[in-house]
Every structure is written in structure tokens, then in C-alpha cells.
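Trainee: What follows is the file start.txt, containing compact mmCIF, N, CA and C atoms:
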```txt
# COMPACT_ATOMS: atom_id res chain seq x y z
N THR O 95 43.74 4.03 58.07
CA THR O 95 44.52 4.13 56.84
C THR O 95 44.14 3.02 55.86
N GLU O 96 44.01 1.80 56.40
CA GLU O 96 43.62 0.68 55.52
C GLU O 96 42.25 0.92 54.91
N MET O 97 41.34 1.43 55.71
CA MET O 97 39.99 1.71 55.23
C MET O 97 40.01 2.76 54.13
N LEU O 98 40.79 3.82 54.32
CA LEU O 98 40.87 4.87 53.30
C LEU O 98 41.52 4.35 52.02
N ASN O 99 42.52 3.51 52.15
CA ASN O 99 43.16 2.91 50.97
C ASN O 99 42.17 2.01 50.22
N TRP O 100 41.44 1.19 50.98
CA TRP O 100 40.45 0.31 50.36
C TRP O 100 39.36 1.12 49.67
N LEU O 101 38.91 2.17 50.31
CA LEU O 101 37.88 3.03 49.74
C LEU O 101 38.39 3.69 48.45
N ALA O 102 39.61 4.16 48.45
CA ALA O 102 40.19 4.78 47.24
C ALA O 102 40.30 3.75 46.12
N GLU O 103 40.68 2.53 46.46
CA GLU O 103 40.80 1.46 45.47
C GLU O 103 39.43 1.12 44.87
N GLN O 104 38.42 1.03 45.74
CA GLN O 104 37.07 0.72 45.26
C GLN O 104 36.53 1.84 44.37
N LYS O 105 36.82 3.07 44.75
CA LYS O 105 36.39 4.20 43.94
C LYS O 105 37.03 4.16 42.56
N LYS O 106 38.33 3.82 42.50
CA LYS O 106 39.02 3.73 41.22
C LYS O 106 38.45 2.59 40.37
N VAL O 107 38.19 1.44 40.98
CA VAL O 107 37.60 0.32 40.24
C VAL O 107 36.26 0.73 39.65
N PHE O 108 35.43 1.36 40.46
CA PHE O 108 34.12 1.78 39.98
C PHE O 108 34.25 2.81 38.87
N THR O 109 35.12 3.80 39.06
CA THR O 109 35.30 4.84 38.06
C THR O 109 35.79 4.25 36.74
N ASP O 110 36.74 3.33 36.80
CA ASP O 110 37.23 2.67 35.58
C ASP O 110 36.12 1.89 34.89
N TRP O 111 35.31 1.16 35.68
CA TRP O 111 34.20 0.40 35.12
C TRP O 111 33.19 1.33 34.45
N ARG O 112 32.83 2.40 35.15
CA ARG O 112 31.87 3.36 34.60
C ARG O 112 32.38 3.98 33.31
N ASP O 113 33.64 4.41 33.29
CA ASP O 113 34.21 5.01 32.09
C ASP O 113 34.20 4.03 30.92
N ASN O 114 34.50 2.76 31.20
CA ASN O 114 34.47 1.74 30.16
C ASN O 114 33.05 1.55 29.62
N GLU O 115 32.06 1.50 30.52
CA GLU O 115 30.67 1.33 30.09
C GLU O 115 30.19 2.52 29.26
N VAL O 116 30.57 3.72 29.66
CA VAL O 116 30.21 4.91 28.90
C VAL O 116 30.82 4.84 27.50
N GLN O 117 32.06 4.42 27.40
CA GLN O 117 32.72 4.32 26.10
C GLN O 117 32.06 3.26 25.23
N LEU O 118 31.74 2.11 25.83
CA LEU O 118 31.05 1.06 25.08
C LEU O 118 29.71 1.55 24.55
N PHE O 119 28.95 2.26 25.37
CA PHE O 119 27.66 2.79 24.94
C PHE O 119 27.85 3.82 23.84
N THR O 120 28.82 4.70 24.00
CA THR O 120 29.08 5.72 22.98
C THR O 120 29.43 5.08 21.65
N ASP O 121 30.27 4.05 21.66
CA ASP O 121 30.63 3.35 20.43
C ASP O 121 29.41 2.67 19.81
N TRP O 122 28.60 2.01 20.64
CA TRP O 122 27.40 1.32 20.14
C TRP O 122 26.44 2.32 19.52
N ARG O 123 26.24 3.44 20.21
CA ARG O 123 25.31 4.46 19.70
C ARG O 123 25.79 5.02 18.36
N SER O 124 27.06 5.21 18.22
CA SER O 124 27.61 5.71 16.97
C SER O 124 27.34 4.75 15.82
N VAL O 125 27.54 3.46 16.07
CA VAL O 125 27.27 2.44 15.03
C VAL O 125 25.78 2.44 14.69
N GLN O 126 24.92 2.48 15.70
CA GLN O 126 23.48 2.47 15.46
C GLN O 126 23.05 3.70 14.66
N GLN O 127 23.60 4.83 14.98
CA GLN O 127 23.26 6.06 14.29
C GLN O 127 23.69 5.99 12.83
N THR O 128 24.88 5.47 12.58
CA THR O 128 25.37 5.33 11.21
C THR O 128 24.48 4.39 10.41
N GLU O 129 24.13 3.24 11.01
CA GLU O 129 23.26 2.28 10.33
C GLU O 129 21.88 2.87 10.07
N PHE O 130 21.34 3.61 11.02
CA PHE O 130 20.03 4.22 10.83
C PHE O 130 20.06 5.24 9.70
N GLU O 131 21.08 6.07 9.69
CA GLU O 131 21.18 7.09 8.63
C GLU O 131 21.31 6.44 7.25
N ALA O 132 22.05 5.34 7.15
CA ALA O 132 22.16 4.63 5.87
C ALA O 132 20.80 4.07 5.47
N TRP O 133 20.08 3.48 6.43
CA TRP O 133 18.75 2.94 6.14
C TRP O 133 17.79 4.05 5.72
N ARG O 134 17.78 5.15 6.48
CA ARG O 134 16.89 6.27 6.17
C ARG O 134 17.16 6.83 4.78
N SER O 135 18.42 6.98 4.46
CA SER O 135 18.79 7.51 3.15
C SER O 135 18.31 6.58 2.03
N GLY O 136 18.49 5.28 2.24
CA GLY O 136 18.02 4.31 1.24
C GLY O 136 16.52 4.35 1.08
N GLU O 137 15.79 4.45 2.19
CA GLU O 137 14.32 4.52 2.12
C GLU O 137 13.87 5.81 1.45
N GLU O 138 14.57 6.91 1.74
CA GLU O 138 14.22 8.18 1.12
C GLU O 138 14.43 8.11 -0.40
N THR O 139 15.52 7.49 -0.81
CA THR O 139 15.80 7.33 -2.23
C THR O 139 14.74 6.46 -2.90
N ALA O 140 14.36 5.36 -2.24
CA ALA O 140 13.33 4.47 -2.79
C ALA O 140 12.00 5.20 -2.90
N PHE O 141 11.65 5.98 -1.88
CA PHE O 141 10.39 6.72 -1.93
C PHE O 141 10.41 7.75 -3.04
N THR O 142 11.50 8.48 -3.16
CA THR O 142 11.59 9.50 -4.20
C THR O 142 11.48 8.86 -5.59
N ARG O 143 12.15 7.73 -5.79
CA ARG O 143 12.07 7.02 -7.07
C ARG O 143 10.62 6.60 -7.33
N TRP O 144 9.97 6.01 -6.33
CA TRP O 144 8.59 5.57 -6.48
C TRP O 144 7.67 6.76 -6.76
N PHE O 145 7.85 7.84 -6.00
CA PHE O 145 6.99 9.01 -6.18
C PHE O 145 7.15 9.59 -7.58
N ASN O 146 8.37 9.66 -8.07
CA ASN O 146 8.60 10.19 -9.42
C ASN O 146 7.96 9.30 -10.47
N GLU O 147 7.88 7.99 -10.22
CA GLU O 147 7.22 7.09 -11.16
C GLU O 147 5.71 7.33 -11.19
N VAL O 148 5.12 7.56 -10.03
CA VAL O 148 3.65 7.67 -9.99
C VAL O 148 3.13 9.08 -10.22
N LYS O 149 3.93 10.09 -10.02
CA LYS O 149 3.39 11.45 -10.11
C LYS O 149 2.90 11.78 -11.51
N ASP O 150 3.49 11.20 -12.53
CA ASP O 150 3.05 11.49 -13.89
C ASP O 150 1.85 10.65 -14.30
N THR O 151 1.50 9.64 -13.51
CA THR O 151 0.36 8.79 -13.86
C THR O 151 -0.92 9.24 -13.17
N LEU O 152 -0.86 10.26 -12.35
CA LEU O 152 -2.03 10.71 -11.63
C LEU O 152 -2.88 11.63 -12.49
N SER O 153 -4.20 11.43 -12.42
CA SER O 153 -5.11 12.29 -13.19
C SER O 153 -5.50 13.49 -12.35
N GLU O 154 -6.64 14.11 -12.69
CA GLU O 154 -7.08 15.29 -11.95
C GLU O 154 -7.37 14.97 -10.49
N ASP O 155 -7.84 13.75 -10.21
CA ASP O 155 -8.11 13.36 -8.82
C ASP O 155 -6.83 12.72 -8.25
N ALA O 156 -5.80 13.54 -8.12
CA ALA O 156 -4.49 13.03 -7.71
C ALA O 156 -4.54 12.34 -6.35
N ALA O 157 -5.25 12.93 -5.40
CA ALA O 157 -5.30 12.34 -4.06
C ALA O 157 -5.97 10.97 -4.10
N GLY O 158 -7.06 10.85 -4.82
CA GLY O 158 -7.76 9.57 -4.93
C GLY O 158 -6.93 8.52 -5.63
N ASN O 159 -6.30 8.91 -6.72
CA ASN O 159 -5.45 7.96 -7.45
C ASN O 159 -4.24 7.55 -6.64
N LEU O 160 -3.65 8.49 -5.94
CA LEU O 160 -2.49 8.17 -5.11
C LEU O 160 -2.90 7.24 -3.97
N PHE O 161 -4.06 7.49 -3.38
CA PHE O 161 -4.57 6.60 -2.33
C PHE O 161 -4.76 5.19 -2.87
N LEU O 162 -5.35 5.06 -4.04
CA LEU O 162 -5.55 3.73 -4.63
C LEU O 162 -4.22 3.06 -4.95
N ARG O 163 -3.28 3.84 -5.43
CA ARG O 163 -1.96 3.28 -5.76
C ARG O 163 -1.25 2.78 -4.49
N ILE O 164 -1.33 3.57 -3.44
CA ILE O 164 -0.66 3.20 -2.18
C ILE O 164 -1.31 1.98 -1.57
N THR O 165 -2.63 1.91 -1.62
CA THR O 165 -3.34 0.83 -0.94
C THR O 165 -3.57 -0.38 -1.82
N SER O 166 -3.03 -0.39 -3.04
CA SER O 166 -3.18 -1.59 -3.87
C SER O 166 -2.49 -2.76 -3.17
N GLU O 167 -2.77 -3.95 -3.57
CA GLU O 167 -2.34 -5.16 -2.85
C GLU O 167 -0.82 -5.25 -2.73
N LEU O 168 -0.27 -4.70 -1.66
CA LEU O 168 1.15 -4.77 -1.30
C LEU O 168 2.06 -4.57 -2.52
N PRO O 169 2.11 -3.34 -3.02
CA PRO O 169 2.80 -3.08 -4.29
C PRO O 169 4.32 -3.04 -4.23
N MET O 170 4.90 -2.88 -3.06
CA MET O 170 6.34 -2.72 -2.96
C MET O 170 6.99 -4.07 -2.66
N ARG O 171 8.27 -4.23 -3.08
CA ARG O 171 8.97 -5.49 -2.89
C ARG O 171 10.36 -5.23 -2.31
N PHE O 172 10.88 -6.22 -1.55
CA PHE O 172 12.27 -6.18 -1.10
C PHE O 172 12.72 -7.61 -0.86
N VAL O 173 14.05 -7.79 -0.81
CA VAL O 173 14.64 -9.11 -0.58
C VAL O 173 15.53 -9.00 0.64
N LYS O 174 15.39 -9.95 1.56
CA LYS O 174 16.23 -9.99 2.75
C LYS O 174 16.65 -11.43 2.97
N ASN O 175 17.96 -11.65 3.06
CA ASN O 175 18.52 -12.99 3.27
C ASN O 175 17.99 -13.98 2.25
N GLY O 176 17.88 -13.54 1.00
CA GLY O 176 17.44 -14.41 -0.08
C GLY O 176 15.94 -14.69 -0.11
N VAL O 177 15.17 -14.05 0.75
CA VAL O 177 13.72 -14.25 0.79
C VAL O 177 13.05 -13.01 0.23
N ASN O 178 12.11 -13.20 -0.69
CA ASN O 178 11.36 -12.09 -1.28
C ASN O 178 10.17 -11.73 -0.41
N TYR O 179 9.99 -10.44 -0.18
CA TYR O 179 8.86 -9.95 0.59
C TYR O 179 8.14 -8.89 -0.22
N ARG O 180 6.89 -8.67 0.10
CA ARG O 180 6.15 -7.56 -0.47
C ARG O 180 5.52 -6.79 0.68
N TYR O 181 5.30 -5.49 0.47
CA TYR O 181 4.76 -4.68 1.54
C TYR O 181 3.97 -3.51 0.98
N GLY O 182 3.16 -2.94 1.82
CA GLY O 182 2.35 -1.80 1.43
C GLY O 182 1.36 -1.49 2.52
N PHE O 183 0.34 -0.75 2.17
CA PHE O 183 -0.68 -0.35 3.12
C PHE O 183 -2.01 -0.99 2.75
N SER O 184 -2.82 -1.22 3.75
CA SER O 184 -4.18 -1.71 3.56
C SER O 184 -5.11 -0.81 4.35
N VAL O 185 -6.32 -0.66 3.84
CA VAL O 185 -7.33 0.13 4.53
C VAL O 185 -7.85 -0.70 5.70
N THR O 186 -8.06 -0.06 6.84
CA THR O 186 -8.61 -0.78 8.00
C THR O 186 -10.04 -1.20 7.68
N ASP O 187 -10.53 -2.18 8.42
CA ASP O 187 -11.88 -2.71 8.17
C ASP O 187 -12.95 -1.63 8.24
N ASP O 188 -12.76 -0.65 9.10
CA ASP O 188 -13.77 0.41 9.23
C ASP O 188 -13.50 1.59 8.29
N PHE O 189 -12.49 1.47 7.42
CA PHE O 189 -12.12 2.49 6.44
C PHE O 189 -11.74 3.83 7.08
N ASN O 190 -11.28 3.78 8.33
CA ASN O 190 -10.88 5.00 9.01
C ASN O 190 -9.38 5.21 9.02
N GLY O 191 -8.63 4.33 8.41
CA GLY O 191 -7.19 4.50 8.44
C GLY O 191 -6.49 3.46 7.61
N LEU O 192 -5.17 3.53 7.66
CA LEU O 192 -4.33 2.59 6.93
C LEU O 192 -3.49 1.80 7.92
N ILE O 193 -3.18 0.58 7.56
CA ILE O 193 -2.24 -0.21 8.34
C ILE O 193 -1.14 -0.67 7.40
N PHE O 194 0.07 -0.76 7.92
CA PHE O 194 1.21 -1.22 7.16
C PHE O 194 1.28 -2.74 7.27
N LYS O 195 1.46 -3.41 6.13
CA LYS O 195 1.55 -4.87 6.13
C LYS O 195 2.76 -5.29 5.30
N TYR O 196 3.37 -6.42 5.68
CA TYR O 196 4.35 -7.04 4.81
C TYR O 196 4.22 -8.55 4.98
N GLU O 197 4.61 -9.27 3.94
CA GLU O 197 4.51 -10.72 3.99
C GLU O 197 5.49 -11.30 2.97
N GLU O 198 5.77 -12.57 3.17
CA GLU O 198 6.65 -13.27 2.23
C GLU O 198 5.95 -13.37 0.89
N ASP O 199 6.67 -13.09 -0.16
CA ASP O 199 6.12 -13.13 -1.52
C ASP O 199 6.30 -14.53 -2.08
N VAL O 200 5.20 -15.25 -2.21
CA VAL O 200 5.28 -16.64 -2.71
C VAL O 200 4.86 -16.73 -4.13
```
Please express what this file holds, its structure, as C-alpha cells.
Mentor:
Amino acid sequence: TEMLNWLAEQKKVFTDWRDNEVQLFTDWRSVQQTEFEAWRSGEETAFTRWFNEVKDTLSEDAAGNLFLRITSELPMRFVKNGVNYRYGFSVTDDFNGLIFKYEEDV
């Protein structure tokens, strides 16, 4: 009887702990999802604004001009914690691709 009581108590302790951990994870995931969606929406808005600015400046070689505009020396800017940064794409050394770069804007 003592063993069965102890086993039931241990099972309840474990079940309570597990339920609490599941709730903590669910709450954390909800916050992360909300923050991600806010970030994604902001980035989408920034991209749309940027694209609308450049689409009228492209000539007949739109792809070439857009490539040059994207790969120009870190054309985009942002501020985080009072520090200015710039970011953009650079062509790889072998010209086979692009890499994303960002750095402090001095």
C-alpha cells in the first residue's frame, strides 16, 4: 500500500511538472511567433517601400540595373540601440553568388 501511494504521488508530481513545462513552452512559443510576425511584417513593408522607389528608376535592362542597385556598397540602413548600421549584398569573389553583409556605419 505504501509503495502504491508513493508511486501515485510520484506520478502526480511528474504530471504536474510536465504540464507546467508544456504551458511554459506554449507561452514562450506564442511570444516568439508574435515577435516574428511583427518583424516579418516590418521587413515586408520596408522591402515594398524600397522596391517601389527603385522600380521606376530601372531602364530596359531592369535585371542588370536591379542587380547593381542591390549590390551597391551596403545601401540599406537601420539603427539598433542607438548604433547606426548599414547592410546589403556583395558579390562573392568568384562572382557566382551574393552574400549578405552588415556593419556599423561610421
Trainee: To test your reading of the structure, identify every residue in chain O that backbone DSSP assigns to strand (DSSP E or B), and report it as a PyMOL selection string.
Mentor: chain O and resi 170-174+177-185+192-198
Trainee: Got a sec to check which residues sit within 7 Å of (5.8, -4.8, -0.1), counting all atoms listed in the file, and write them as number ranges by chain?
Mentor: O: 168-172, 179-182, 195-197
Trainee: Now that the selection is made, can you save its residues with N, CA and C atoms as an mmCIF file, keeping the file's coordinate frame?
Mentor:
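Done, and the output landed in selection.cif:
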```
data_model
loop_
_atom_site.group_PDB
_atom_site.id
_atom_site.type_symbol
_atom_site.label_atom_id
_atom_site.label_comp_id
_atom_site.auth_asym_id
_atom_site.auth_seq_id
_atom_site.Cartn_x
_atom_site.Cartn_y
_atom_site.Cartn_z
ATOM 1 N N LEU O 168 -0.270 -4.700 -1.660
ATOM 2 C CA LEU O 168 1.150 -4.770 -1.300
ATOM 3 C C LEU O 168 2.060 -4.570 -2.520
ATOM 4 N N PRO O 169 2.110 -3.340 -3.020
ATOM 5 C CA PRO O 169 2.800 -3.080 -4.290
ATOM 6 C C PRO O 169 4.320 -3.040 -4.230
ATOM 7 N N MET O 170 4.900 -2.880 -3.060
ATOM 8 C CA MET O 170 6.340 -2.720 -2.960
ATOM 9 C C MET O 170 6.990 -4.070 -2.660
ATOM 10 N N ARG O 171 8.270 -4.230 -3.080
ATOM 11 C CA ARG O 171 8.970 -5.490 -2.890
ATOM 12 C C ARG O 171 10.360 -5.230 -2.310
ATOM 13 N N PHE O 172 10.880 -6.220 -1.550
ATOM 14 C CA PHE O 172 12.270 -6.180 -1.100
ATOM 15 C C PHE O 172 12.720 -7.610 -0.860
ATOM 16 N N TYR O 179 9.990 -10.440 -0.180
ATOM 17 C CA TYR O 179 8.860 -9.950 0.590
ATOM 18 C C TYR O 179 8.140 -8.890 -0.220
ATOM 19 N N ARG O 180 6.890 -8.670 0.100
ATOM 20 C CA ARG O 180 6.150 -7.560 -0.470
ATOM 21 C C ARG O 180 5.520 -6.790 0.680
ATOM 22 N N TYR O 181 5.300 -5.490 0.470
ATOM 23 C CA TYR O 181 4.760 -4.680 1.540
ATOM 24 C C TYR O 181 3.970 -3.510 0.980
ATOM 25 N N GLY O 182 3.160 -2.940 1.820
ATOM 26 C CA GLY O 182 2.350 -1.800 1.430
ATOM 27 C C GLY O 182 1.360 -1.490 2.520
ATOM 28 N N LYS O 195 1.460 -3.410 6.130
ATOM 29 C CA LYS O 195 1.550 -4.870 6.130
ATOM 30 C C LYS O 195 2.760 -5.290 5.300
ATOM 31 N N TYR O 196 3.370 -6.420 5.680
ATOM 32 C CA TYR O 196 4.350 -7.040 4.810
ATOM 33 C C TYR O 196 4.220 -8.550 4.980
ATOM 34 N N GLU O 197 4.610 -9.270 3.940
ATOM 35 C CA GLU O 197 4.510 -10.720 3.990
ATOM 36 C C GLU O 197 5.490 -11.300 2.970
#
```
Trainee: Rounded to one decimal, what separation in Å do you get between CA of Gly191 in chain O and CA of Asn146 in chain O?
Mentor: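 Here the two named atoms are 24.5 Å from each other.
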Trainee: Could you give me the residues within range 100-196 of chain O that DSSP places in helix (DSSP H, G or I), as number ranges by chain?
Mentor: O: 100-149, 156-165
Trainee: I'd like the interatomic distance between CA of Asp187 in chain O and CA of Thr142 in chain O, to a tenth of an Å.
Mentor: 29.2 Å
Trainee: In Å, how far is it from CA of Ser184 in chain O to CA of Glu137 in chain O?
Mentor: 19.6 Å
